[in-house]
file upload33.txt (compact mmCIF, C-alpha atoms)
# COMPACT_ATOMS: atom_id res chain seq x y z
CA MET A 1 22.84 -49.85 20.95
CA THR A 2 21.03 -46.53 21.38
CA THR A 3 17.58 -46.10 19.95
CA THR A 4 15.92 -42.81 19.15
CA ASP A 5 12.30 -42.15 19.88
CA PRO A 6 10.68 -41.27 16.52
CA LYS A 7 8.50 -38.66 18.26
CA GLU A 8 11.55 -37.03 19.86
CA SER A 9 13.38 -37.07 16.55
CA LYS A 10 10.44 -35.40 14.84
CA GLU A 11 10.22 -32.71 17.53
CA ASN A 12 13.94 -32.00 17.23
CA GLY A 13 13.59 -31.67 13.48
CA GLU A 14 10.73 -29.21 13.88
CA ARG A 15 12.77 -27.12 16.29
CA GLN A 16 15.74 -27.08 13.93
CA GLY A 17 13.66 -25.92 10.96
CA ILE A 18 15.13 -25.41 7.50
CA GLN A 19 18.21 -23.25 7.62
CA SER A 20 18.13 -22.28 3.95
CA VAL A 21 14.66 -20.76 4.40
CA GLU A 22 15.90 -18.72 7.35
CA MET A 23 18.93 -17.56 5.34
CA ALA A 24 16.70 -16.51 2.46
CA MET A 25 14.60 -14.54 4.91
CA ARG A 26 17.72 -12.66 6.02
CA VAL A 27 18.16 -11.53 2.42
CA LEU A 28 14.54 -10.36 2.23
CA LEU A 29 14.80 -8.56 5.58
CA ALA A 30 17.92 -6.78 4.32
CA LEU A 31 15.89 -5.51 1.36
CA GLU A 32 13.12 -4.40 3.70
CA ASP A 33 15.48 -2.53 6.01
CA GLY A 34 17.17 -0.87 3.02
CA GLY A 35 13.99 1.03 2.17
CA GLY A 36 14.62 0.73 -1.57
CA ALA A 37 16.59 -1.04 -4.26
CA LEU A 38 20.03 -2.25 -3.08
CA SER A 39 23.24 -3.50 -4.61
CA LEU A 40 24.49 -7.03 -4.06
CA SER A 41 27.26 -5.78 -1.76
CA ALA A 42 24.80 -3.74 0.32
CA ILE A 43 22.52 -6.75 0.77
CA ALA A 44 25.49 -8.92 1.72
CA GLN A 45 26.63 -6.41 4.32
CA ALA A 46 23.15 -5.98 5.79
CA SER A 47 22.50 -9.72 5.96
CA GLY A 48 25.95 -10.64 7.26
CA MET A 49 26.57 -13.07 4.41
CA GLN A 50 29.18 -13.39 1.67
CA PRO A 51 28.20 -11.76 -1.65
CA SER A 52 28.57 -15.04 -3.54
CA LYS A 53 26.14 -16.74 -1.15
CA VAL A 54 23.68 -13.84 -1.27
CA HIS A 55 23.78 -13.96 -5.06
CA ARG A 56 22.71 -17.61 -5.07
CA TYR A 57 19.77 -16.81 -2.84
CA LEU A 58 18.80 -13.84 -5.01
CA VAL A 59 18.82 -16.07 -8.10
CA SER A 60 16.42 -18.52 -6.44
CA LEU A 61 14.23 -15.80 -4.95
CA GLY A 62 14.11 -14.08 -8.33
CA ARG A 63 12.95 -17.24 -10.06
CA ILE A 64 9.81 -17.32 -7.88
CA GLY A 65 9.21 -13.58 -8.08
CA LEU A 66 10.09 -12.64 -4.50
CA THR A 67 12.93 -10.41 -5.69
CA SER A 68 13.78 -8.70 -8.96
CA GLN A 69 16.85 -7.06 -10.48
CA ASP A 70 16.79 -3.86 -12.50
CA PRO A 71 18.56 -4.67 -15.79
CA ALA A 72 19.88 -1.11 -16.12
CA SER A 73 21.22 -0.43 -12.62
CA GLY A 74 21.75 -4.01 -11.46
CA LEU A 75 20.06 -3.17 -8.14
CA TYR A 76 17.79 -5.64 -6.38
CA ASP A 77 14.35 -5.03 -4.90
CA PHE A 78 11.18 -6.92 -4.02
CA GLY A 79 9.51 -8.69 -6.93
CA ALA A 80 5.91 -9.02 -8.06
CA SER A 81 5.18 -12.09 -5.94
CA MET A 82 6.38 -10.32 -2.82
CA ARG A 83 4.15 -7.32 -3.54
CA ARG A 84 1.16 -9.60 -4.02
CA LEU A 85 1.92 -11.43 -0.78
CA GLY A 86 2.23 -8.17 1.10
CA ALA A 87 -0.98 -6.79 -0.34
CA GLU A 88 -2.84 -10.03 0.40
CA ALA A 89 -1.56 -10.08 3.99
CA LEU A 90 -2.88 -6.54 4.43
CA ARG A 91 -6.17 -7.44 2.76
CA ARG A 92 -6.73 -10.26 5.23
CA THR A 93 -6.54 -7.97 8.23
CA ASN A 94 -9.97 -7.40 9.70
CA GLU A 95 -10.24 -3.68 8.96
CA VAL A 96 -9.26 -4.14 5.33
CA ALA A 97 -11.72 -7.01 4.84
CA VAL A 98 -14.60 -4.94 6.22
CA ALA A 99 -13.70 -1.85 4.19
CA SER A 100 -13.25 -3.97 1.04
CA GLY A 101 -16.81 -5.25 1.34
CA HIS A 102 -18.15 -1.72 1.54
CA ALA A 103 -15.93 -0.65 -1.38
CA MET A 104 -17.30 -3.45 -3.57
CA ARG A 105 -20.87 -2.43 -2.81
CA LEU A 106 -19.98 1.17 -3.67
CA ARG A 107 -18.61 -0.03 -7.02
CA ASP A 108 -21.85 -1.89 -7.66
CA SER A 109 -24.05 1.09 -6.78
CA THR A 110 -22.10 3.72 -8.74
CA GLY A 111 -20.81 1.62 -11.63
CA HIS A 112 -17.43 3.31 -11.26
CA SER A 113 -14.07 1.82 -10.34
CA VAL A 114 -13.32 1.84 -6.63
CA ASN A 115 -10.07 1.23 -4.80
CA LEU A 116 -9.04 0.78 -1.18
CA ALA A 117 -5.67 1.93 0.15
CA VAL A 118 -3.75 1.66 3.41
CA TRP A 119 -0.64 3.45 4.57
CA GLY A 120 2.53 1.56 3.60
CA ASP A 121 6.21 2.15 4.22
CA ARG A 122 6.51 4.37 1.15
CA GLY A 123 3.09 5.98 1.02
CA PRO A 124 -0.51 5.02 0.21
CA LEU A 125 -0.66 1.38 -0.87
CA VAL A 126 -3.52 0.01 -2.99
CA VAL A 127 -4.78 -3.24 -1.48
CA SER A 128 -7.89 -3.70 -3.58
CA TRP A 129 -9.15 -2.43 -6.93
CA ALA A 130 -12.61 -3.14 -8.31
CA TYR A 131 -13.18 -2.12 -11.93
CA GLY A 132 -16.43 -0.42 -12.84
CA THR A 133 -18.45 -0.51 -16.03
CA ARG A 134 -16.88 2.61 -17.51
CA PRO A 135 -13.49 2.08 -19.21
CA LEU A 136 -10.53 3.99 -17.81
CA PRO A 137 -7.25 4.85 -19.57
CA LEU A 138 -5.19 3.24 -16.83
CA THR A 139 -4.47 -0.01 -15.05
CA VAL A 140 -3.80 0.18 -11.33
CA ARG A 141 -2.27 -2.91 -9.82
CA VAL A 142 -2.85 -4.10 -6.31
CA GLY A 143 0.36 -3.25 -4.47
CA ALA A 144 0.88 0.05 -6.32
CA THR A 145 1.99 3.05 -4.27
CA LEU A 146 0.18 6.33 -4.94
CA PRO A 147 1.65 9.83 -4.57
CA LEU A 148 0.82 11.92 -1.52
CA LEU A 149 0.43 15.29 -3.18
CA THR A 150 -1.36 14.65 -6.45
CA SER A 151 -3.66 11.71 -5.70
CA SER A 152 -6.93 12.05 -3.81
CA VAL A 153 -6.01 9.05 -1.66
CA GLY A 154 -2.63 10.59 -0.89
CA GLN A 155 -4.19 13.84 0.26
CA VAL A 156 -6.51 11.90 2.59
CA PHE A 157 -3.50 10.36 4.31
CA LEU A 158 -1.67 13.69 4.24
CA ALA A 159 -4.57 15.27 6.14
CA TYR A 160 -5.39 12.55 8.65
CA LEU A 161 -2.07 10.87 9.47
CA PRO A 162 0.38 12.33 12.00
CA GLU A 163 3.01 14.38 10.21
CA SER A 164 5.70 12.21 11.81
CA LEU A 165 4.47 9.34 9.61
CA THR A 166 4.16 11.28 6.36
CA ASP A 167 7.19 13.57 6.64
CA GLU A 168 9.75 11.20 5.09
CA VAL A 169 7.57 10.36 2.09
CA LEU A 170 6.56 14.00 1.75
CA ARG A 171 10.16 15.19 1.68
CA GLU A 172 10.92 12.82 -1.18
CA GLU A 173 7.92 14.05 -3.21
CA LEU A 174 8.68 17.71 -2.53
CA ARG A 175 12.12 17.62 -4.13
CA GLY A 176 12.00 20.13 -6.96
CA LYS A 177 8.39 21.06 -6.15
CA GLU A 178 8.97 23.30 -3.13
CA ALA A 179 7.91 26.40 -5.08
CA ASP A 180 4.55 24.83 -5.97
CA TRP A 181 3.90 23.19 -2.60
CA THR A 182 4.76 25.78 0.01
CA GLY A 183 4.21 25.24 3.71
CA GLU A 184 1.14 27.43 3.51
CA ARG A 185 -0.34 25.37 0.68
CA LEU A 186 0.29 22.11 2.52
CA ALA A 187 -1.35 23.45 5.67
CA ALA A 188 -4.32 24.74 3.67
CA THR A 189 -4.70 21.37 1.90
CA ARG A 190 -4.71 19.46 5.17
CA SER A 191 -7.23 21.86 6.68
CA GLN A 192 -9.55 21.77 3.65
CA VAL A 193 -9.59 17.96 3.50
CA ARG A 194 -10.45 17.69 7.20
CA GLU A 195 -13.18 20.29 6.82
CA ASP A 196 -14.75 18.62 3.76
CA GLY A 197 -14.15 15.04 4.86
CA HIS A 198 -13.14 14.07 1.33
CA VAL A 199 -10.87 15.02 -1.59
CA VAL A 200 -11.62 15.49 -5.29
CA THR A 201 -8.75 15.58 -7.78
CA HIS A 202 -9.01 16.24 -11.53
CA SER A 203 -6.23 14.67 -13.63
CA GLY A 204 -4.14 14.48 -10.47
CA VAL A 205 -2.25 11.34 -11.45
CA ILE A 206 -3.69 10.37 -14.85
CA PRO A 207 -5.02 12.94 -17.36
CA GLY A 208 -8.76 12.74 -17.94
CA ILE A 209 -9.52 11.07 -14.61
CA ILE A 210 -11.49 12.33 -11.60
CA SER A 211 -10.83 10.67 -8.25
CA VAL A 212 -12.87 11.19 -5.08
CA ALA A 213 -11.46 9.79 -1.82
CA ALA A 214 -12.50 9.73 1.83
CA PRO A 215 -11.12 8.09 5.00
CA VAL A 216 -12.36 5.02 6.87
CA PHE A 217 -11.61 4.89 10.59
CA ALA A 218 -11.47 1.96 13.00
CA ALA A 219 -12.03 2.05 16.76
CA ASN A 220 -8.68 0.62 17.78
CA ASP A 221 -6.48 1.74 14.90
CA PRO A 222 -5.18 5.31 14.68
CA LEU A 223 -4.30 4.85 11.00
CA PRO A 224 -7.22 5.36 8.63
CA LEU A 225 -7.85 3.58 5.36
CA ALA A 226 -8.97 5.42 2.25
CA ILE A 227 -11.63 4.51 -0.31
CA SER A 228 -11.70 6.31 -3.63
CA VAL A 229 -14.05 6.32 -6.59
CA VAL A 230 -12.40 6.80 -9.98
CA LEU A 231 -14.33 8.01 -13.01
CA PRO A 232 -13.60 9.54 -16.41
CA GLU A 233 -13.81 13.33 -16.74
CA SER A 234 -16.53 12.86 -19.36
CA ALA A 235 -18.83 11.43 -16.68
CA GLY A 236 -17.99 14.01 -14.05
CA THR A 237 -20.80 16.52 -14.40
CA PRO A 238 -21.32 18.60 -11.23
CA GLU A 239 -24.59 16.82 -10.50
CA HIS A 240 -23.20 13.32 -10.96
CA LEU A 241 -20.02 14.12 -9.05
CA ALA A 242 -22.15 15.34 -6.13
CA GLU A 243 -24.11 12.06 -6.21
CA VAL A 244 -20.93 9.95 -6.27
CA THR A 245 -19.40 11.97 -3.43
CA ALA A 246 -22.54 11.55 -1.31
CA GLU A 247 -22.48 7.77 -1.87
CA LEU A 248 -18.79 7.64 -1.00
CA LEU A 249 -19.31 9.56 2.24
CA ALA A 250 -22.20 7.30 3.20
CA THR A 251 -20.02 4.27 2.45
CA VAL A 252 -17.04 5.35 4.57
CA ALA A 253 -19.40 6.32 7.41
CA ALA A 254 -21.01 2.87 7.33
CA ALA A 255 -17.62 1.12 7.16
CA SER A 256 -16.28 3.20 10.06
CA GLU A 257 -19.39 2.47 12.12
CA GLU A 258 -19.02 -1.28 11.48
CA LEU A 259 -15.40 -1.03 12.65
CA GLY A 260 -16.56 0.53 15.92
CA TYR A 261 -15.50 4.09 15.24
CA LEU A 262 -17.38 6.85 17.05
CA PRO A 263 -16.85 10.33 15.51
call {"tool": "encode", "arguments": {"input": "upload33.txt", "output": "structure tokens"}}
result
Amino acid sequence: MTTTDPKESKENGERQGIQSVEMAMRVLLALEDGGGALSLSAIAQASGMQPSKVHRYLVSLGRIGLTSQDPASGLYDFGASMRRLGAEALRRTNEVAVASGHAMRLRDSTGHSVNLAVWGDRGPLVVSWAYGTRPLPLTVRVGATLPLLTSSVGQVFLAYLPESLTDEVLREELRGKEADWTGERLAATRSQVREDGHVVTHSGVIPGIISVAAPVFAANDPLPLAISVVLPESAGTPEHLAEVTAELLATVAAASEELGYLP
């Protein structure tokens, strides 16, 4: 009679893992590699699995919010739970945690809403949003992607990131807008943002909203973060806007210094 060492059996089990979890991850990785919403057949092909099997995984993943299906097109994409997980993973990185602390203090000192964004696969990604005391006619969710051209945060990344990183997202946004955003205007925008060190947009994304954004740099990370202050147009007198901008610039300078950045 052969006996099995319980410890050895446990170690073998740990090495084997849970195959169904690994298969589900193949489905999620197929969605990631696709760069956007995909059909069932496309996910099956990318994951190397039969469509019927992929569908079962998508049903289970959808129930817990890791994937979602567009009722109109039938295409699948990441769900709300996946976006929250991704945003939380980014938030827990050291640079984001430090910048978030400074952003919260900026919210407290100005009374205005403040958000923090990082560069994601599809553009600027909001990883934290702190509401101020003044009501705003919008709700920005953590995990939301902001436009490059019309948001203050987007223009910060447009100016400070290598063009090789922004080109793909920029091409998508420029479709149908080439007449408004010529090469000369893009170059001038980048140059102006770098010269000023910040961006102010009026009704850039939402009518009636002013947004002021500036970059945060870290010593060992070539990709900046961006902090923006959002306030209603009614509060944006020239004097107050100058005060808010000064506080923002002091905040990003302090955050960058804490992260070891030397200008």
call {"tool": "closest_residue", "arguments": {"input": "upload33.txt", "among": "A:Tyr131, A:Tyr76, A:Phe157, A:Trp181", "to": "Ser39 (chain A)", "atoms": "all atoms listed in the file"}}
result
A:Tyr76
call {"tool": "closest_residue", "arguments": {"input": "upload33.txt", "among": "A:Leu231, A:Leu259, A:Ala226, A:Ala218", "to": "Leu116 (chain A)", "atoms": "all atoms listed in the file"}}
result
A:Ala226
call {"tool": "residues_around", "arguments": {"input": "upload33.txt", "residues": "His102 (chain A)", "least_positions_apart": "3", "cutoff": "8 Å", "atoms": "only C-alpha atoms", "output": "compact mmCIF listing (two decimals) with C-alpha atoms, in the coordinates of the input"}}
result
# COMPACT_ATOMS: atom_id res chain seq x y z
CA VAL A 98 -14.60 -4.94 6.22
CA ALA A 99 -13.70 -1.85 4.19
CA ARG A 105 -20.87 -2.43 -2.81
CA LEU A 106 -19.98 1.17 -3.67
CA THR A 251 -20.02 4.27 2.45
CA VAL A 252 -17.04 5.35 4.57
CA ALA A 254 -21.01 2.87 7.33
CA ALA A 255 -17.62 1.12 7.16
call {"tool": "atom_distance", "arguments": {"input": "upload33.txt", "atom1": "CA of Leu170 (chain A)", "atom2": "CA of Leu66 (chain A)"}}
result
27.6 Å
call {"tool": "atom_distance", "arguments": {"input": "upload33.txt", "atom1": "CA of Ala250 (chain A)", "atom2": "CA of Ser228 (chain A)"}}
result
12.6 Å
call {"tool": "residues_around", "arguments": {"input": "upload33.txt", "residues": "region 70-75 of chain A", "least_positions_apart": "5", "cutoff": "12 Å", "atoms": "only C-alpha atoms", "output": "PDB file with C-alpha atoms, in the frame of the given file"}}
result
ATOM      1  CA  LEU A  31      15.890  -5.510   1.360  1.00  0.00           C
ATOM      2  CA  GLY A  34      17.170  -0.870   3.020  1.00  0.00           C
ATOM      3  CA  GLY A  36      14.620   0.730  -1.570  1.00  0.00           C
ATOM      4  CA  ALA A  37      16.590  -1.040  -4.260  1.00  0.00           C
ATOM      5  CA  LEU A  38      20.030  -2.250  -3.080  1.00  0.00           C
ATOM      6  CA  SER A  39      23.240  -3.500  -4.610  1.00  0.00           C
ATOM      7  CA  LEU A  40      24.490  -7.030  -4.060  1.00  0.00           C
ATOM      8  CA  SER A  41      27.260  -5.780  -1.760  1.00  0.00           C
ATOM      9  CA  ALA A  42      24.800  -3.740   0.320  1.00  0.00           C
ATOM     10  CA  ILE A  43      22.520  -6.750   0.770  1.00  0.00           C
ATOM     11  CA  HIS A  55      23.780 -13.960  -5.060  1.00  0.00           C
ATOM     12  CA  LEU A  58      18.800 -13.840  -5.010  1.00  0.00           C
ATOM     13  CA  GLY A  62      14.110 -14.080  -8.330  1.00  0.00           C
TER      14      GLY A  62
END
call {"tool": "residues_around", "arguments": {"input": "upload33.txt", "residues": "Gly143 (chain A)", "least_positions_apart": "2", "cutoff": "9 Å", "atoms": "only C-alpha atoms", "output": "PDB file with C-alpha atoms, in the frame of the given file"}}
result
ATOM      1  CA  ALA A  80       5.910  -9.020  -8.060  1.00  0.00           C
ATOM      2  CA  ARG A  83       4.150  -7.320  -3.540  1.00  0.00           C
ATOM      3  CA  ARG A  84       1.160  -9.600  -4.020  1.00  0.00           C
ATOM      4  CA  GLY A  86       2.230  -8.170   1.100  1.00  0.00           C
ATOM      5  CA  ALA A  87      -0.980  -6.790  -0.340  1.00  0.00           C
ATOM      6  CA  GLU A  88      -2.840 -10.030   0.400  1.00  0.00           C
ATOM      7  CA  LEU A 125      -0.660   1.380  -0.870  1.00  0.00           C
ATOM      8  CA  VAL A 126      -3.520   0.010  -2.990  1.00  0.00           C
ATOM      9  CA  VAL A 127      -4.780  -3.240  -1.480  1.00  0.00           C
ATOM     10  CA  SER A 128      -7.890  -3.700  -3.580  1.00  0.00           C
ATOM     11  CA  VAL A 140      -3.800   0.180 -11.330  1.00  0.00           C
ATOM     12  CA  ARG A 141      -2.270  -2.910  -9.820  1.00  0.00           C
ATOM     13  CA  THR A 145       1.990   3.050  -4.270  1.00  0.00           C
TER      14      THR A 145
END
call {"tool": "closest_residue", "arguments": {"input": "upload33.txt", "among": "A:Ala159, A:Leu249, A:Val153, A:Ala97", "to": "Ala213 (chain A)", "atoms": "only C-alpha atoms"}}
result
A:Val153
call {"tool": "atom_distance", "arguments": {"input": "upload33.txt", "atom1": "CA of Asp108 (chain A)", "atom2": "CA of Thr133 (chain A)"}}
result
9.1 Å
call {"tool": "closest_residue", "arguments": {"input": "upload33.txt", "among": "A:Leu149, A:Val212, A:Glu32, A:Leu161", "to": "Thr182 (chain A)", "atoms": "all atoms listed in the file"}}
result
A:Leu149
call {"tool": "residues_around", "arguments": {"input": "upload33.txt", "residues": "Ser151 (chain A)", "least_positions_apart": "5", "cutoff": "9 Å", "atoms": "all atoms listed in the file", "output": "NGL selection string"}}
result
:A and (146 or 156 or 199-201 or 203-205 or 211 or 213)
call {"tool": "build_atoms", "arguments": {"input": "upload33.txt", "residues": "region 208-219 of chain A", "atoms": "all heavy atoms", "output": "compact mmCIF listing (two decimals), keeping the file's coordinate frame"}}
result
# COMPACT_ATOMS: atom_id res chain seq x y z
N GLY A 208 -7.42 13.18 -17.57
CA GLY A 208 -8.76 12.74 -17.94
C GLY A 208 -9.48 11.93 -16.89
O GLY A 208 -10.53 11.35 -17.17
N ILE A 209 -8.94 11.89 -15.67
CA ILE A 209 -9.52 11.07 -14.61
C ILE A 209 -9.89 11.95 -13.41
O ILE A 209 -9.12 12.81 -12.99
CB ILE A 209 -8.53 9.98 -14.15
CG1 ILE A 209 -8.32 8.96 -15.26
CG2 ILE A 209 -9.01 9.28 -12.89
CD1 ILE A 209 -9.56 8.19 -15.64
N ILE A 210 -11.08 11.72 -12.86
CA ILE A 210 -11.49 12.33 -11.60
C ILE A 210 -11.43 11.25 -10.53
O ILE A 210 -11.86 10.12 -10.74
CB ILE A 210 -12.92 12.89 -11.68
CG1 ILE A 210 -13.02 13.98 -12.74
CG2 ILE A 210 -13.36 13.43 -10.32
CD1 ILE A 210 -14.44 14.48 -12.96
N SER A 211 -10.89 11.61 -9.38
CA SER A 211 -10.83 10.67 -8.25
C SER A 211 -11.38 11.37 -7.01
O SER A 211 -11.00 12.50 -6.71
CB SER A 211 -9.39 10.21 -8.00
OG SER A 211 -9.34 9.33 -6.89
N VAL A 212 -12.28 10.68 -6.31
CA VAL A 212 -12.87 11.19 -5.08
C VAL A 212 -12.54 10.20 -3.97
O VAL A 212 -12.84 9.02 -4.08
CB VAL A 212 -14.40 11.35 -5.19
CG1 VAL A 212 -14.93 12.14 -4.00
CG2 VAL A 212 -14.80 11.98 -6.50
N ALA A 213 -11.90 10.68 -2.89
CA ALA A 213 -11.46 9.79 -1.82
C ALA A 213 -11.91 10.32 -0.46
O ALA A 213 -12.06 11.53 -0.27
CB ALA A 213 -9.94 9.64 -1.84
N ALA A 214 -12.10 9.38 0.47
CA ALA A 214 -12.50 9.73 1.83
C ALA A 214 -11.94 8.67 2.78
O ALA A 214 -11.68 7.53 2.38
CB ALA A 214 -14.01 9.81 1.95
N PRO A 215 -11.74 9.02 4.06
CA PRO A 215 -11.12 8.09 5.00
C PRO A 215 -12.12 7.15 5.67
O PRO A 215 -13.30 7.49 5.86
CB PRO A 215 -10.51 9.04 6.05
CG PRO A 215 -11.43 10.21 6.05
CD PRO A 215 -11.91 10.38 4.63
N VAL A 216 -11.63 5.98 6.04
CA VAL A 216 -12.36 5.02 6.87
C VAL A 216 -11.57 4.87 8.17
O VAL A 216 -10.35 4.65 8.13
CB VAL A 216 -12.48 3.64 6.18
CG1 VAL A 216 -13.10 2.62 7.12
CG2 VAL A 216 -13.29 3.75 4.90
N PHE A 217 -12.27 4.98 9.30
CA PHE A 217 -11.61 4.89 10.59
C PHE A 217 -12.06 3.64 11.34
O PHE A 217 -13.19 3.18 11.19
CB PHE A 217 -11.93 6.12 11.45
CG PHE A 217 -11.48 7.42 10.84
CD1 PHE A 217 -12.36 8.22 10.13
CD2 PHE A 217 -10.17 7.85 10.97
CE1 PHE A 217 -11.96 9.42 9.57
CE2 PHE A 217 -9.74 9.04 10.41
CZ PHE A 217 -10.64 9.83 9.72
N ALA A 218 -11.15 3.10 12.15
CA ALA A 218 -11.47 1.96 13.00
C ALA A 218 -11.30 2.37 14.46
O ALA A 218 -10.53 3.27 14.78
CB ALA A 218 -10.56 0.78 12.67
N ALA A 219 -12.02 1.67 15.34
CA ALA A 219 -12.03 2.05 16.76
C ALA A 219 -10.66 1.94 17.40
O ALA A 219 -10.25 2.81 18.18
CB ALA A 219 -13.04 1.19 17.51
